[in-house]
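Below: the structure, in structure tokens.
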Amino acid sequence: MKRLFDLCLALFTLLFLVLPLLFVAAMVWLTSTGSILYWSDRVGRDNKLFKMPKFRTMRVDTPAVATHLLTNPEQFLTPVGSFLRKSSLDELPQLWSIIKGDMSFVGPRPALFNQDDLVALRRQYGVDKLLPGLTGWAQINGRDELPIPDKVKLDVDYLNNQSFLLDLKIILLTFLKVLRRDGIQH
């Protein structure tokens with residue numbers, strides 16, 4: 001049921017957002033050098049790596065680490081990077097990962113390949129058995145501001161209480177948070 005919901009919603013959303021996707025792609029292409037998409041190595045279900053696309057918001061010479069680990073992340077942003085991140089428009093290409101089956105709309109956000117502490121805690125509590133999501137319980141309860149142990153606690157809460165209604169609630173709350181730009185640091 002969840003996979004069918006994800007697939008139908010992703011295809012519908014893709015059709016609805018085709019023009020904004022093309023506009024954002026043009027903005028990235030016109031304002032910086034390099035590819036339009038950034039393919040990030042992420043940890044998926046059962047700790048298997050997959051390539052997750054995002055619109056590129058950072059310069060091509062940016063180190064491959066989580067943004068919060070950069071000394072001065074603003075120096076690496078492209079001219080439209082800050083806007084894309086604050087509006088979450090950089091996340092839209094992840095619809096491809098949902099269609100492909102690497103991600104779901106709702107689940108724990110996929111860890112970067114080098115976030116060993118996050119991956120280890122998720123494995124310890126069984127969260128690694130979930131398909132990662134475009135949004136999740138941790139995202140609507142703190143997003144970037146949460147320390148890793150708190151994120152994993154919220155991931156475990158989702159694991160233990162997941163349901164179709166909870167997924168709908170998370171999607172709705174995510175939409176509201178994106179509109180208000182809550183919990184976005186860079």
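Residues are named by chain letter and number: chains run A, B, ... in the order of the structure tokens, numbers start at 1 in each chain, and ligands are numbered from 1 in the order shown.
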Next on the checklist: So that I can check the secondary structure, give me every residue of range 17-119 of chain A assigned helix (DSSP H, G or I) by backbone DSSP, as a ChimeraX atom specification.
Outcome noted: /A:18-31,45-47,67-69,73-76,81-87,89-91,94-100,116-119
Item to check | Test item: residues at most 12 Å from range 32-35 of chain A, only C-alpha atoms, excluding those fewer than 3 positions along its chain, as a ChimeraX atom specification | outcome: /A:25-29,38-39,53-62,76-81
Item to check | Test item: residues at most 8 Å from range 148-162 of chain A, only C-alpha atoms, excluding those fewer than 6 positions along its chain, as a PyMOL selection string | outcome: chain A and resi 107-108+117-118+121-122+125-127+130+136-138
Checklist entry - Taking only C-alpha atoms into account, which of A:Val24, A:Leu17, A:Cys8, A:Ile140 comes nearest Arg85 in chain A? => result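 That would be A:Val24, the residue with the smallest distance to Arg85 in chain A.
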Checklist entry - Out of chain A, which residues get strand (DSSP E) from DSSP, as number ranges by chain? => result A: 37-43, 49-55, 104-106, 111-112, 133-135
Go ahead and save the picked residues with N, CA and C atoms, as a compact mmCIF listing (two decimals), in the first residue's frame.
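Here's the written file out39.txt:
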# COMPACT_ATOMS: atom_id res chain seq x y z
N LEU A 37 22.17 18.87 -11.52
CA LEU A 37 21.88 17.99 -10.40
C LEU A 37 23.16 17.58 -9.69
N TYR A 38 23.02 17.39 -8.40
CA TYR A 38 24.10 16.83 -7.60
C TYR A 38 23.62 15.46 -7.13
N TRP A 39 24.39 14.43 -7.44
CA TRP A 39 24.03 13.07 -7.06
C TRP A 39 24.81 12.70 -5.82
N SER A 40 24.13 12.63 -4.73
CA SER A 40 24.75 12.38 -3.43
C SER A 40 24.68 10.90 -3.07
N ASP A 41 25.80 10.35 -2.61
CA ASP A 41 25.80 8.97 -2.12
C ASP A 41 25.11 8.94 -0.77
N ARG A 42 24.02 8.19 -0.67
CA ARG A 42 23.22 8.12 0.55
C ARG A 42 23.04 6.68 1.00
N VAL A 43 22.74 6.55 2.28
CA VAL A 43 22.51 5.23 2.87
C VAL A 43 21.02 4.96 2.86
N LEU A 49 23.92 1.61 -0.24
CA LEU A 49 24.12 2.93 -0.82
C LEU A 49 23.29 3.11 -2.09
N PHE A 50 22.81 4.32 -2.28
CA PHE A 50 22.13 4.68 -3.53
C PHE A 50 22.48 6.13 -3.85
N LYS A 51 22.25 6.52 -5.08
CA LYS A 51 22.52 7.88 -5.54
C LYS A 51 21.22 8.69 -5.46
N MET A 52 21.26 9.77 -4.66
CA MET A 52 20.08 10.61 -4.48
C MET A 52 20.31 11.96 -5.16
N PRO A 53 19.42 12.34 -6.09
CA PRO A 53 19.60 13.62 -6.79
C PRO A 53 19.01 14.80 -6.02
N LYS A 54 19.68 15.92 -6.13
CA LYS A 54 19.19 17.20 -5.63
C LYS A 54 19.62 18.25 -6.64
N PHE A 55 18.88 19.35 -6.70
CA PHE A 55 19.38 20.46 -7.49
C PHE A 55 20.64 20.96 -6.79
N SER A 104 10.98 6.75 -0.02
CA SER A 104 9.55 6.90 0.16
C SER A 104 9.28 8.38 0.39
N PHE A 105 8.02 8.78 0.39
CA PHE A 105 7.74 10.16 0.77
C PHE A 105 8.06 10.38 2.24
N VAL A 106 7.74 9.39 3.07
CA VAL A 106 7.95 9.53 4.51
C VAL A 106 8.83 8.41 5.02
N ALA A 111 20.86 9.12 5.28
CA ALA A 111 22.15 9.61 5.78
C ALA A 111 23.15 9.72 4.63
N LEU A 112 24.07 10.66 4.77
CA LEU A 112 25.21 10.72 3.86
C LEU A 112 26.06 9.47 4.05
N GLY A 133 13.12 8.59 3.62
CA GLY A 133 12.06 9.43 3.09
C GLY A 133 12.49 10.82 2.67
N LEU A 134 11.66 11.40 1.82
CA LEU A 134 11.81 12.80 1.43
C LEU A 134 11.61 13.69 2.65
N THR A 135 10.73 13.26 3.53
CA THR A 135 10.50 13.92 4.80
C THR A 135 10.28 12.85 5.86
Checklist entry - Can you list, as a list of chain:residue names, every protein, DNA or RNA residue that comes within 12 Å of Lys177 in chain A when you count only C-alpha atoms, leaving out same-chain residues fewer than 5 positions away? => result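 My reading of the contact set: A:Lys86, A:Ser87, A:Ser88, A:Thr135, A:Gln139, A:Ile140, A:Asn141, A:Gly142, A:Arg143, A:Ile170, A:Ile171, A:Leu172, A:Asp182, A:Gly183, A:Ile184.
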Restricting it to N, CA and C atoms, dump the selection as a compact mmCIF listing (two decimals), in the first residue's frame.
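Final file, result35.txt:
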# COMPACT_ATOMS: atom_id res chain seq x y z
N LYS A 86 16.42 27.14 1.33
CA LYS A 86 15.40 27.68 2.24
C LYS A 86 13.99 27.36 1.78
N SER A 87 13.79 27.27 0.47
CA SER A 87 12.48 26.94 -0.07
C SER A 87 12.28 25.44 -0.24
N SER A 88 13.35 24.66 -0.01
CA SER A 88 13.36 23.20 -0.19
C SER A 88 13.16 22.78 -1.65
N THR A 135 10.73 13.26 3.53
CA THR A 135 10.50 13.92 4.80
C THR A 135 10.28 12.85 5.86
N GLN A 139 12.12 15.50 10.69
CA GLN A 139 12.12 16.75 9.93
C GLN A 139 11.05 17.71 10.41
N ILE A 140 9.91 17.19 10.82
CA ILE A 140 8.87 18.11 11.29
C ILE A 140 9.01 18.42 12.78
N ASN A 141 9.98 17.78 13.43
CA ASN A 141 10.21 18.03 14.85
C ASN A 141 11.59 18.61 15.12
N GLY A 142 12.14 19.33 14.16
CA GLY A 142 13.41 19.98 14.42
C GLY A 142 14.33 20.13 13.23
N ARG A 143 14.24 19.22 12.28
CA ARG A 143 15.02 19.28 11.05
C ARG A 143 16.51 19.39 11.32
N ILE A 170 2.50 13.75 8.52
CA ILE A 170 3.88 14.22 8.31
C ILE A 170 4.00 14.99 7.00
N ILE A 171 3.36 14.51 5.94
CA ILE A 171 3.39 15.21 4.66
C ILE A 171 2.74 16.59 4.79
N LEU A 172 1.59 16.67 5.44
CA LEU A 172 0.91 17.95 5.63
C LEU A 172 1.76 18.90 6.47
N ASP A 182 10.48 26.83 8.52
CA ASP A 182 10.87 26.43 9.87
C ASP A 182 12.03 25.47 9.85
N GLY A 183 12.98 25.64 10.74
CA GLY A 183 14.05 24.68 10.97
C GLY A 183 15.11 24.60 9.89
N ILE A 184 15.23 25.63 9.07
CA ILE A 184 16.21 25.62 8.00
C ILE A 184 17.37 26.51 8.39
Item to check | Gap from CA of Arg180 in chain A to CA of Pro147 in chain A - Å, one decimal | outcome: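 The value is 21.7 Å.
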Item to check | Residue nearest Leu22 in chain A among A:Leu92, A:Leu70, A:Leu176, A:Ala10 (counting only C-alpha atoms) | outcome: A:Leu92
Item to check | Distance of CA of Thr174 in chain A from CA of Arg3 in chain A, expressed in Å to one decimal place | outcome: 19.4 Å
Item to check | Residue neighbourhood Arg45 in chain A, 6 Å, only C-alpha atoms, exclusion window fewer than 5 positions, as a ChimeraX atom specification | outcome: /A:128-131
